[in-house]
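Here is the structure we will look at, set down as structure tokens.
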Amino acid sequence: MKRFEDIVATFAAYAWGPWLLVLLTGGGLFFLIYSRLIPFRYFRHAIEILRGKYDDPSAPGDINHFQALSSALAGTVGMGNISGVAIAIAVGGPGAVFWMWVSAIVGMATKFFTCSLAVMYRGRDSLGHLQGGPMYVIVEGLGPRWKPLAVLFSTAGLIGCLPAFQANQLVQALREIVFLPRGWTGDSLFLFNLISGLIIAALVSGVIFGGIRRIGTVAARLVPSMVVLYFAAAIWTLLTHFSQIPAYFSLIVQDAFTGQAVAGGAVWTVMITGIRRAAFSNEAGIGTEAMAHGAAKTDEPIREGLVAMIGPFIDTIIVCTTTALMILVTGVWKTSAASGVTLTAAAFEQAIPGVGTFVLVTCVLFFSLSTMFSYSYYGSKSWAFLAGAERKHLYNYFYVILIVVASVASLDVVVNVIDGMYALMAIPTMTSALLLAPKVMKASRIYFQQLEKGRK
């Protein structure tokens with residue numbers, strides 16, 4: 001058993017190795033240069049699209065632009081923003097945050113291309129319903145002979161989008177941050193974990209069995225609420241430590257090229273840590289976000305690409321930076337041996353004594369649940385592509401059961417398998433996007449020319 005665990009751990013480590021970071025970051029850099037920054041110059045237009053100025057209820061798709069972005073953010077704004085940033089600082093130092101910023105900028109270009117393609121090359125499932133996502137981009141855009149690549153994406157997505165990590169970490173956060181320190185867990189941790197898992201499964205079931213429309217509706221309400229709550233605590237923290245912020249921004253930039261703060265001068269460690277954590281956080285190039293944006297009600301691919309581009313900006317540039325500054329200005333990154341969500345909890349408690357922990361746990365609850373909502377859609381969509389849309393509902397039953405199992409089990413092996421499969425999704429997504437990039441640029445030139453003429 002131990003050997004099997006080692007094999008799985010090695011698989012996950014290799015899957016998220018430098019080669020994947022080169023594919024994601026190098027591909028994103030290509031998109032950034034190839035687009036000549038055109039999408040970035042229309043960021044204000046993207047906000048107008050998001051606000052509903054160009055919504056057309058009769059357009060093909062299931063959800064509007066705002067719901068599509070909310071669904072995508074529900075899957076990305078989560079534990080990666082809370083625990084991932086803390087891990088990045090603990091391992092790579094403040095300089096890792098700089099490389100998260102770099103990854104977010106190239107990730108914005110990546111999402112513009114992948115999500116434009118998700119609308120441009122939508123296909124029909126076995127029930128005739130219009131669907132979008134990398135698997136359909138591959139088949140519809142590259143042709144049937146590329147279908148094995150679409151099968152690879154769907155197979156990896158089927159496993160990679162299971163809720164084991166989110167459920168396990170949510171129960172752990174509730175148990176170790178709130179209940180255990182106060183002696184509220186009772187005599188049996190197993191019973192506590194089981195009851196917590198059943199409650200979480202019930203909450204998730206009430207949303208995911210309603211399909212993408214209900215997920216989009218709930219996400220559109222939940223995501224803004226949880227971001228507002230998180231930022232309320234963050235702004236209070238940053239205002240009370242305002243004088244320290246410029247110094248820490250300077251440290252972030254300086255340490256990015258020296259690695260002296262934590263990594264002991266290992267700049268490569270700082271860089272890899274930041275890029276990897278950003279990839280987990282905003283998922284640019286992985287393909288999950290393209291499945292959400294592929295469901296948008298629009299017949300204009302470039303519009304959805306522009307909306308999708310906002311995702312990494314919110315997720316990494318705003319939310320992750322806020323988390324990083326909270327950890328840095330409160331000083332817990334120097335004084336605490338904790339890592340992950342526990343380190344972030346220490347920052348919240350330091351900033352808002354007595355209530356900071358409860359604010360963070362509430363945010364963790366919202367973030368984790370919203371991620372599970374979106375991941376159920378991604379996994380069921382992958383299953384429908386492989387087994388047929390008429391069997392799509394079966395995946396949700398398995399998904400809900402796994403939430404309970406993940407809550408009571410030690411899931412090192414399962415989580416490593418999920419992480420590895422999640423990484424494999426990037427291969428088909430980035431390959432198809434790179435090959436079809438000229439199609440996006442051709443459509444972009446036409447769209448922006450017509451926009452300038454006032455026709456859009």
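Quick note on naming: the chains in the structure tokens go A, B, ... in the order shown, residues restart at 1 in each chain, and ligands are numbered from 1 in order of appearance.
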Looking only at strand (DSSP E or B) from DSSP on the backbone, list the matching residues of range 54-276 of chain A as a PyMOL selection string. chain A and resi 63+123-124+130-131
Long-range neighbours of range 311-316 of chain A as JSON, numbers by chain, 10 Å cut-off, only C-alpha atoms, 3 positions minimum in chain: {"A": [69, 70, 72, 73, 74, 76, 77, 78, 80, 81, 85, 97, 100, 101, 102, 103, 104, 105, 106, 107, 108, 109, 110, 111, 112, 227, 277, 278, 279, 281, 282, 283, 284, 289, 306, 307, 308, 319, 320, 321, 322, 323]}
Running DSSP on the backbone, which parts of range 89-313 of chain A land in alpha helix (DSSP H), as a VMD selection string? chain A and resid 89 to 92 95 to 120 134 to 137 147 to 160 164 to 173 189 to 208 211 to 240 245 to 256 267 to 282 288 to 293 301 to 312
Those residues with C-alpha atoms, as a short mmCIF file (atom, residue, chain, number, x, y, z; two decimals), in the first residue's frame please?
```cif
data_model
loop_
_atom_site.label_atom_id
_atom_site.label_comp_id
_atom_site.auth_asym_id
_atom_site.auth_seq_id
_atom_site.Cartn_x
_atom_site.Cartn_y
_atom_site.Cartn_z
CA ILE A 89 4.40 32.56 1.11
CA ALA A 90 5.43 29.80 3.55
CA VAL A 91 7.36 27.92 0.84
CA GLY A 92 8.56 30.63 -1.52
CA GLY A 95 8.39 37.03 -3.78
CA ALA A 96 6.11 34.16 -4.80
CA VAL A 97 3.24 36.66 -4.87
CA PHE A 98 4.98 38.58 -7.66
CA TRP A 99 5.09 35.44 -9.82
CA MET A 100 1.42 34.85 -9.06
CA TRP A 101 0.78 38.30 -10.55
CA VAL A 102 2.80 37.40 -13.66
CA SER A 103 0.87 34.15 -14.03
CA ALA A 104 -2.43 36.02 -13.67
CA ILE A 105 -1.55 38.48 -16.45
CA VAL A 106 -0.66 35.73 -18.93
CA GLY A 107 -3.64 33.77 -17.58
CA MET A 108 -5.96 36.58 -18.61
CA ALA A 109 -4.73 36.20 -22.18
CA THR A 110 -5.12 32.42 -21.96
CA LYS A 111 -8.71 32.66 -20.76
CA PHE A 112 -9.55 35.11 -23.54
CA PHE A 113 -8.53 32.51 -26.11
CA THR A 114 -9.82 29.33 -24.43
CA CYS A 115 -13.21 30.79 -23.53
CA SER A 116 -13.71 32.48 -26.90
CA LEU A 117 -13.13 29.06 -28.45
CA ALA A 118 -15.60 27.46 -26.01
CA VAL A 119 -18.38 29.53 -27.59
CA MET A 120 -16.97 29.54 -31.12
CA PRO A 134 -12.43 21.98 -24.52
CA MET A 135 -13.78 18.54 -25.50
CA TYR A 136 -16.20 20.17 -27.97
CA VAL A 137 -13.57 22.68 -29.13
CA LYS A 147 -11.25 13.01 -30.57
CA PRO A 148 -8.77 10.96 -28.46
CA LEU A 149 -7.53 14.30 -27.10
CA ALA A 150 -11.11 15.21 -26.19
CA VAL A 151 -11.52 11.84 -24.47
CA LEU A 152 -8.32 12.50 -22.50
CA PHE A 153 -9.68 15.83 -21.31
CA SER A 154 -13.06 14.37 -20.34
CA THR A 155 -11.53 11.39 -18.56
CA ALA A 156 -9.16 13.62 -16.59
CA GLY A 157 -12.01 16.06 -15.89
CA LEU A 158 -14.28 13.28 -14.71
CA ILE A 159 -11.80 12.41 -11.93
CA GLY A 160 -10.08 15.76 -11.47
CA ALA A 164 -12.57 15.13 -2.32
CA PHE A 165 -10.16 17.97 -1.58
CA GLN A 166 -12.81 20.66 -1.03
CA ALA A 167 -14.98 18.49 1.25
CA ASN A 168 -12.01 17.18 3.23
CA GLN A 169 -10.48 20.64 3.71
CA LEU A 170 -13.80 22.24 4.66
CA VAL A 171 -14.44 19.66 7.37
CA GLN A 172 -10.84 20.02 8.56
CA ALA A 173 -11.20 23.81 8.76
CA LEU A 189 -14.01 12.88 15.66
CA PHE A 190 -15.33 10.31 13.17
CA LEU A 191 -18.92 11.10 14.14
CA PHE A 192 -18.23 14.83 13.86
CA ASN A 193 -16.69 14.36 10.41
CA LEU A 194 -19.58 12.15 9.27
CA ILE A 195 -22.28 14.58 10.42
CA SER A 196 -20.39 17.49 8.82
CA GLY A 197 -20.08 15.53 5.58
CA LEU A 198 -23.79 14.70 5.51
CA ILE A 199 -24.74 18.35 6.07
CA ILE A 200 -22.38 19.53 3.33
CA ALA A 201 -23.67 16.84 0.96
CA ALA A 202 -27.26 17.96 1.60
CA LEU A 203 -26.40 21.60 0.89
CA VAL A 204 -24.58 20.73 -2.31
CA SER A 205 -27.35 18.36 -3.47
CA GLY A 206 -29.93 21.10 -3.22
CA VAL A 207 -28.06 23.07 -5.87
CA ILE A 208 -26.29 20.70 -8.25
CA GLY A 211 -28.17 21.79 -13.37
CA ILE A 212 -26.15 24.71 -14.68
CA ARG A 213 -29.07 27.16 -14.53
CA ARG A 214 -29.48 26.69 -10.78
CA ILE A 215 -25.71 26.62 -10.25
CA GLY A 216 -25.40 29.86 -12.21
CA THR A 217 -28.23 31.51 -10.28
CA VAL A 218 -26.84 30.50 -6.86
CA ALA A 219 -23.28 31.40 -7.84
CA ALA A 220 -24.39 34.83 -9.08
CA ARG A 221 -25.75 35.50 -5.58
CA LEU A 222 -23.19 33.67 -3.48
CA VAL A 223 -19.91 34.72 -5.14
CA PRO A 224 -20.43 38.50 -4.76
CA SER A 225 -21.58 38.00 -1.15
CA MET A 226 -18.59 35.95 -0.12
CA VAL A 227 -16.16 38.32 -1.86
CA VAL A 228 -17.75 41.31 -0.07
CA LEU A 229 -17.47 39.57 3.32
CA TYR A 230 -13.87 38.58 2.68
CA PHE A 231 -12.95 42.06 1.56
CA ALA A 232 -14.67 43.73 4.49
CA ALA A 233 -12.33 41.88 6.84
CA ALA A 234 -9.36 42.44 4.54
CA ILE A 235 -9.93 46.17 4.15
CA TRP A 236 -10.17 46.59 7.93
CA THR A 237 -6.87 44.75 8.30
CA LEU A 238 -5.10 46.74 5.62
CA LEU A 239 -6.43 50.08 6.90
CA THR A 240 -5.13 49.35 10.41
CA ILE A 245 1.72 48.22 2.81
CA PRO A 246 4.25 50.11 0.60
CA ALA A 247 7.16 48.34 2.29
CA TYR A 248 5.63 44.93 1.68
CA PHE A 249 4.87 45.68 -1.96
CA SER A 250 8.55 46.57 -2.29
CA LEU A 251 9.53 43.34 -0.50
CA ILE A 252 7.34 41.28 -2.83
CA VAL A 253 9.09 42.67 -5.91
CA GLN A 254 12.57 42.50 -4.40
CA ASP A 255 12.18 38.98 -3.05
CA ALA A 256 10.86 37.75 -6.41
CA VAL A 267 14.88 32.24 -7.06
CA TRP A 268 13.71 29.25 -9.09
CA THR A 269 11.85 27.93 -6.04
CA VAL A 270 10.18 31.30 -5.57
CA MET A 271 9.18 31.46 -9.22
CA ILE A 272 7.87 27.89 -9.48
CA THR A 273 5.97 28.20 -6.20
CA GLY A 274 4.21 31.39 -7.28
CA ILE A 275 3.32 30.15 -10.76
CA ARG A 276 2.09 26.79 -9.49
CA ARG A 277 -0.10 28.31 -6.78
CA ALA A 278 -1.56 30.78 -9.31
CA ALA A 279 -2.34 27.90 -11.68
CA PHE A 280 -4.25 26.19 -8.87
CA SER A 281 -5.98 29.45 -8.03
CA ASN A 282 -7.22 30.85 -11.35
CA THR A 288 -12.69 24.01 -16.34
CA GLU A 289 -13.48 27.69 -16.78
CA ALA A 290 -14.09 27.15 -20.50
CA MET A 291 -16.89 24.70 -19.67
CA ALA A 292 -18.67 27.36 -17.59
CA HIS A 293 -18.21 30.13 -20.15
CA PRO A 301 -17.47 34.27 -28.93
CA ILE A 302 -15.23 37.30 -28.42
CA ARG A 303 -17.63 38.82 -25.89
CA GLU A 304 -17.42 35.74 -23.69
CA GLY A 305 -13.65 35.68 -24.06
CA LEU A 306 -13.52 39.26 -22.78
CA VAL A 307 -15.76 38.40 -19.81
CA ALA A 308 -13.63 35.34 -19.00
CA MET A 309 -10.52 37.53 -19.04
CA ILE A 310 -11.83 39.33 -15.94
CA GLY A 311 -11.65 36.08 -13.94
CA PRO A 312 -7.88 35.91 -13.24
#
```
Pick from A:Gly133, A:Asp125, A:Ala15, A:Leu23 nearest to Ala387 in chain A, counting only C-alpha atoms: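 So, comparing all the options, the nearest one is A:Asp125.
When only C-alpha atoms are used to measure the gap to Thr429 in chain A, the shortest distance among A:Pro94, A:Pro60, A:Gly210, A:Gly27 belongs to A:Gly27.
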Within 7 Å of Lys297 in chain A, counting only C-alpha atoms, which residues show up once you throw out same-chain ones fewer than 5 positions away? Write them as a short mmCIF file (atom, residue, chain, number, x, y, z; two decimals) with N, CA and C atoms, in the first residue's frame, please.
```cif
data_model
loop_
_atom_site.label_atom_id
_atom_site.label_comp_id
_atom_site.auth_asym_id
_atom_site.auth_seq_id
_atom_site.Cartn_x
_atom_site.Cartn_y
_atom_site.Cartn_z
N PRO A 57 -31.51 37.54 -24.40
CA PRO A 57 -32.17 36.34 -23.85
C PRO A 57 -32.45 35.28 -24.90
N ALA A 59 -30.42 34.46 -27.35
CA ALA A 59 -29.18 33.89 -27.86
C ALA A 59 -29.01 32.45 -27.37
N PRO A 60 -28.27 31.63 -28.11
CA PRO A 60 -28.07 30.24 -27.67
C PRO A 60 -27.24 30.18 -26.39
N GLY A 61 -27.52 29.18 -25.55
CA GLY A 61 -26.81 29.03 -24.29
C GLY A 61 -27.79 28.89 -23.13
N ASP A 62 -27.25 28.76 -21.91
CA ASP A 62 -28.08 28.49 -20.74
C ASP A 62 -28.08 29.61 -19.71
N ILE A 63 -26.99 30.37 -19.59
CA ILE A 63 -26.87 31.37 -18.54
C ILE A 63 -26.29 32.65 -19.13
N ASN A 64 -26.55 33.80 -18.47
CA ASN A 64 -26.05 35.06 -18.99
C ASN A 64 -24.56 35.24 -18.67
N HIS A 65 -23.98 36.32 -19.16
CA HIS A 65 -22.53 36.55 -18.99
C HIS A 65 -22.14 36.61 -17.52
#
```
Using only C-alpha atoms, pick whichever of A:Phe373, A:Gly93, A:Ala12, A:Val359 has the shortest atom-to-atom distance to Thr258 in chain A.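 Using only C-alpha atoms, the shortest distance to Thr258 in chain A belongs to A:Gly93.
CA of Trp333 in chain A is positioned 8.2 Å from CA of Ala86 in chain A.
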All residues 8 Å or closer to Ala347 in chain A, only C-alpha atoms, same chain fewer than 4 positions away omitted, as a compact mmCIF listing (two decimals) with C-alpha atoms, in the first residue's frame:
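Okay, this is what ended up in part-v6.txt:
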```txt
# COMPACT_ATOMS: atom_id res chain seq x y z
CA MET A 326 -3.05 40.32 5.24
CA ILE A 327 -0.57 37.55 5.99
CA THR A 330 0.07 41.07 10.40
CA GLY A 331 3.49 39.42 10.66
CA VAL A 332 2.16 35.87 11.11
CA LEU A 343 -1.79 30.52 8.63
CA ALA A 351 -6.23 41.53 12.68
```
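With distances restricted to only C-alpha atoms, A:Gly141 is the closest residue to Pro438 in chain A from A:Gly17, A:Gly128, A:Pro163, A:Gly141.
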